[in-house]
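Note sheet for the following structure.
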Protein chains: 2
Amino acid sequence: MQGKSQDKAEKEQGEIAAERSYKGLNTSERKALRRTQLMKAGIDVMGSKGYASCSCKMICNQAGLTERYFYQSFANREALLQTIYQEHSERIMALISEAVMNGETDQLALRVELGLRAFYQDMRENPKIARILYIETSGVSPEMDDLVASTTHGFAIMFIELLQHYYPDKHLGVDDAELVAIGLVGGVNAILVHWLLSNFEMPLESVLQSASFMFKSVSASLLERG
Amino acid sequence: MQGKSQDKAEKEQGEIAAERSYKGLNTSERKALRRTQLMKAGIDVMGSKGYASCSCKMICNQAGLTERYFYQSFANREALLQTIYQEHSERIMALISEAVMNGETDQLALRVELGLRAFYQDMRENPKIARILYIETSGVSPEMDDLVASTTHGFAIMFIELLQHYYPDKHLGVDDAELVAIGLVGGVNAILVHWLLSNFEMPLESVLQSASFMFKSVSASLLERG
DNA sequence: TTATTTTGACATGAATTCGTGTCACTTTAC
DNA sequence: GTAAAGTGACACGAATTCATGTCAAAATAA
């Protein structure tokens, strides 16, 4: 009895965790797997029912796990939303970045179009993620609002840097180009939301044409007088 | 006893409502007054705590009324949000429309700027309304999403009609000008949200310059080849 | 096999929200 | 003054959610 509770205490202090495999996976692998399952289930549920009207329980059921494991991986429902938001925002940014970089063209406009195409294509393939990122995330909490704002800002910066990379000598024809870029990113998102809520009724090419049109016009004006 | 319950039954069937004044107001005036108080309180509470984390009770307390009266005027919390959204969207649209109409200039760009100025000024004066319209309303419910989408669409149409009014002969240089306009409106909103979340740190003129820059660039391109 | 860890199903309790209902009090009409 | 209508404070139950806890069964190491 003495020895038993001593063992327990040691384990709780946890210098050396009792790495024991279960169904072929060790502790950290299992934990990571469950986390992945929860993320996937979170996207499924939040992306269809909506964040506001889903509970941890629903997500756990979808994941085939219990609430105990939910709170082992995430502090609460909002933490899961944040994680999903961050992970996929970064993924999308990388996606766009890659598409822009790999474009074999000198024209800025064509590169922008490649980036936008990559974006809209991915969003059509992953409508639940699109909904979470661009509809469900607004008005959740001040922290979430800040995260969304800084992410939007990140995309805006990306565009500005692209401009400056291609036209390093031009100085942009407006006081606050960053604010204009934030507007552009907001415009791209608004078009996406419209497309999404109409169940992707219009062809990708129409959406793409409109969004790149906006970008091209503004870019041209930005560089005009530089 | 018999007579009493018969009277009651008559009143419940309610052919002739017992219009009795109270504190100098008749039934419908009182009801309207309470509705107004609830709207005001709704804007106060939803615009500061946020829609997601406020209850009917909070709104009633703020209004100095009881829940009984809340449900007399609104089916539920969301109905109040919808009413506020609709009323102020219409007010803002009228505001912009008037500013554009009253502009004493031939230049489209200047008229657009007048409209945007009226918009951003009003939003700075009413930050709680701004927050409700452009942050809190997203992801509440499918109905609300549709309302937001159709309102955004309405603003886009307004812009297109303005263009066509000033340049009736030009045909716009893009297949789906409406979609571009939706993007522009989204851009204006995104700039507002950025401004709002930074507590209106930047001067109005900066915000205005960026937003009108976007409009001017795109309008010019739209009309270019027409 | 046996002891222990890990798991899943379920219980729990505090908290909150919704929408309705009760009841004493105030204001009005007569 | 009196009876009726209107009001506000509060209670109420049903429902839900969150986050944690319990416990027997399954899987594993020895």
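Residue names in the structure tokens use chain letters A, B, ... in the order shown, residue numbers from 1 in each chain, and ligand numbers from 1 in the order shown.
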Could you give me, as a PyMOL selection string, each residue of chain A that DSSP assigns to helix (DSSP H, G or I) when run on this structure's backbone? chain A and resi 2-13+27-48+56-63+67-73+77-102+108-125+127-136+142-166+177-197+204-224
When you get a sec, could you note down which chain D residues fall within 9 Å of chain B, using only C-alpha atoms (C1' of nucleotides), as a VMD selection string? chain D and resid 5 to 6 8 to 9
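Distance criterion 8 Å to chain A, applied with only C-alpha atoms (C1' of nucleotides), yields DT5, DT6 and DG8 of chain C on chain C.
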Write the residues of the preceding selection, restricted to N, CA and C atoms (P, O5', C5', C4', C3', O3' and C1' of nucleotides), as a JSON list (two decimals), in the first residue's frame.
```
[["chain", "number", "residue", "atom", "x", "y", "z"],
["C", 5, "DT", "P", -0.35, 1.80, -13.20],
["C", 5, "DT", "O5'", -0.69, 2.19, -14.71],
["C", 5, "DT", "C5'", 0.16, 1.74, -15.75],
["C", 5, "DT", "C4'", -0.60, 1.73, -17.07],
["C", 5, "DT", "C3'", -1.25, 3.07, -17.44],
["C", 5, "DT", "O3'", -0.88, 3.36, -18.77],
["C", 5, "DT", "C1'", -2.84, 1.33, -17.60],
["C", 6, "DT", "P", -1.11, 4.80, -19.38],
["C", 6, "DT", "O5'", -2.46, 4.59, -20.20],
["C", 6, "DT", "C5'", -2.48, 3.64, -21.25],
["C", 6, "DT", "C4'", -3.89, 3.44, -21.72],
["C", 6, "DT", "C3'", -4.68, 4.72, -22.02],
["C", 6, "DT", "O3'", -4.96, 4.76, -23.40],
["C", 6, "DT", "C1'", -6.00, 3.13, -20.83],
["C", 8, "DG", "P", -11.61, 5.43, -26.49],
["C", 8, "DG", "O5'", -13.05, 5.11, -25.89],
["C", 8, "DG", "C5'", -13.58, 3.81, -26.05],
["C", 8, "DG", "C4'", -14.83, 3.66, -25.21],
["C", 8, "DG", "C3'", -15.90, 4.72, -25.47],
["C", 8, "DG", "O3'", -17.17, 4.06, -25.46],
["C", 8, "DG", "C1'", -15.34, 4.71, -23.18]]
```
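In this comparison, which uses only C-alpha atoms, the residue of A:Ser210, A:Ser48, A:Ser150, A:Gln107 approaching chain B most closely is A:Ser210.
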Taking only C-alpha atoms into account and nothing else, which residues of chain A lie no more than 7 Å away from chain B? Please answer as a VMD selection string. chain A and resid 50 52 135 to 136 138 to 140 149 176 179 to 180 182 to 184 186 to 188 190 to 191 194 210 to 211 214 217 to 218 221
12 Å contact set for Arg91 in chain A, only C-alpha atoms (C1' of nucleotides), chain neighbours under 4 positions out, as a list in words: Ile84, Tyr85, Gln86, Glu87, Leu95, Ile96, Ser97, Glu98, Ala118, Phe119, Asp122, Met123, Ile129 and Leu133 of chain A
One decimal, in Å: what's the spacing between CA of Ala79 in chain A and CA of Asp44 in chain B? 27.7 Å
Near-DA9 in chain C list (10 Å; only C-alpha atoms (C1' of nucleotides); drop same-chain fewer than 2 positions) as a ChimeraX atom specification: /A:66 /C:7,11 /D:23-24
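CA of Glu67 in chain A sits 19.7 Å away from C1' of DA15 in chain D.
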Please list as an NGL selection string every residue within 7 Å of Ala63 in chain A, counting only C-alpha atoms (C1' of nucleotides) and excluding residues in the same chain fewer than 3 positions away. :A and (37-38 or 41 or 59-60)
Output file for the selection above: N, CA and C atoms, as a PDB file, in the first residue's frame:
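So the final result, stored in part01.pdb, reads:
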```
ATOM      1  N   GLN A  37      -7.984  13.819 -34.651  1.00  0.00           N
ATOM      2  CA  GLN A  37      -9.391  13.436 -34.810  1.00  0.00           C
ATOM      3  C   GLN A  37     -10.319  14.556 -34.380  1.00  0.00           C
ATOM      4  N   LEU A  38      -9.953  15.216 -33.281  1.00  0.00           N
ATOM      5  CA  LEU A  38     -10.793  16.313 -32.781  1.00  0.00           C
ATOM      6  C   LEU A  38     -10.794  17.500 -33.737  1.00  0.00           C
ATOM      7  N   ALA A  41     -13.001  16.502 -36.642  1.00  0.00           N
ATOM      8  CA  ALA A  41     -14.401  16.543 -36.223  1.00  0.00           C
ATOM      9  C   ALA A  41     -14.850  17.992 -36.013  1.00  0.00           C
ATOM     10  N   ILE A  59     -18.922  17.616 -31.076  1.00  0.00           N
ATOM     11  CA  ILE A  59     -17.616  17.428 -31.706  1.00  0.00           C
ATOM     12  C   ILE A  59     -17.005  16.106 -31.267  1.00  0.00           C
ATOM     13  N   CYS A  60     -17.123  15.827 -29.963  1.00  0.00           N
ATOM     14  CA  CYS A  60     -16.580  14.572 -29.440  1.00  0.00           C
ATOM     15  C   CYS A  60     -17.286  13.363 -30.053  1.00  0.00           C
TER      16      CYS A  60
END
```
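Here CA of Glu90 in chain B and CA of Phe155 in chain B stand 10.0 Å from one another.
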Contacts of DT17 in chain D at 12 Å (only C-alpha atoms (C1' of nucleotides); same-chain gap of 2+ positions) as a CSV table (one decimal) with N, CA and C atoms (P, O5', C5', C4', C3', O3' and C1' of nucleotides), in the first residue's frame:
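The file below, result_22.csv, is the result:
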```
chain,number,residue,atom,x,y,z
A,53,SER,N,-23.7,27.2,-32.7
A,53,SER,CA,-24.7,26.2,-32.3
A,53,SER,C,-24.1,24.8,-32.3
A,54,CYS,N,-22.9,24.7,-31.9
A,54,CYS,CA,-22.4,23.3,-31.7
A,54,CYS,C,-21.7,23.3,-30.3
A,55,SER,N,-21.8,22.1,-29.7
A,55,SER,CA,-21.2,21.9,-28.4
A,55,SER,C,-20.0,21.0,-28.5
A,56,CYS,N,-19.2,21.0,-27.4
A,56,CYS,CA,-18.1,20.1,-27.3
A,56,CYS,C,-18.5,18.7,-27.5
A,57,LYS,N,-19.7,18.4,-26.9
A,57,LYS,CA,-20.2,17.0,-27.0
A,57,LYS,C,-20.4,16.6,-28.4
A,58,MET,N,-21.0,17.4,-29.2
A,58,MET,CA,-21.2,17.1,-30.6
A,58,MET,C,-19.9,16.8,-31.3
A,76,ASN,N,-10.9,24.7,-24.3
A,76,ASN,CA,-12.4,24.8,-24.5
A,76,ASN,C,-12.7,24.8,-26.0
A,77,ARG,N,-13.9,25.0,-26.3
A,77,ARG,CA,-14.4,25.0,-27.7
A,77,ARG,C,-13.7,26.1,-28.5
C,13,DG,P,-24.1,15.5,-7.6
C,13,DG,O5',-23.6,17.0,-7.9
C,13,DG,C5',-22.3,17.3,-7.8
C,13,DG,C4',-22.1,18.7,-8.4
C,13,DG,C3',-23.2,19.7,-8.0
C,13,DG,O3',-22.6,21.0,-7.8
C,13,DG,C1',-23.1,19.6,-10.3
C,14,DA,P,-23.3,22.0,-6.9
C,14,DA,O5',-22.6,23.4,-7.3
C,14,DA,C5',-21.3,23.3,-8.0
C,14,DA,C4',-21.4,24.2,-9.2
C,14,DA,C3',-22.3,25.4,-9.1
C,14,DA,O3',-21.5,26.6,-9.4
C,14,DA,C1',-22.7,24.2,-11.1
C,15,DA,P,-22.1,28.0,-9.2
C,15,DA,O5',-22.5,28.4,-10.7
C,15,DA,C5',-21.6,28.1,-11.8
C,15,DA,C4',-22.3,28.3,-13.1
C,15,DA,C3',-23.2,29.5,-13.0
C,15,DA,O3',-22.8,30.5,-13.9
C,15,DA,C1',-24.2,27.6,-14.1
C,16,DT,P,-23.5,31.9,-14.0
C,16,DT,O5',-24.3,31.8,-15.3
C,16,DT,C5',-23.8,31.2,-16.4
C,16,DT,C4',-24.8,30.9,-17.4
C,16,DT,C3',-25.9,31.9,-17.6
C,16,DT,O3',-25.8,32.5,-18.9
C,16,DT,C1',-26.8,29.7,-17.6
C,17,DT,P,-26.7,33.8,-19.2
C,17,DT,O5',-27.8,33.2,-20.2
C,17,DT,C5',-27.4,32.2,-21.1
C,17,DT,C4',-28.7,31.6,-21.7
C,17,DT,C3',-29.8,32.6,-21.8
C,17,DT,O3',-30.2,32.6,-23.2
C,17,DT,C1',-30.6,30.6,-20.7
D,15,DA,P,-37.5,19.3,-21.3
D,15,DA,O5',-36.2,20.0,-21.7
D,15,DA,C5',-36.3,21.3,-22.4
D,15,DA,C4',-35.0,21.9,-22.6
D,15,DA,C3',-33.9,20.9,-22.9
D,15,DA,O3',-33.4,21.1,-24.2
D,15,DA,C1',-33.2,22.4,-21.2
D,19,DA,P,-15.3,24.8,-20.4
D,19,DA,O5',-14.7,23.8,-19.4
D,19,DA,C5',-14.9,24.1,-18.0
D,19,DA,C4',-14.9,22.8,-17.2
D,19,DA,C3',-13.7,21.9,-17.5
D,19,DA,O3',-12.8,21.9,-16.3
D,19,DA,C1',-15.7,20.7,-17.2
```
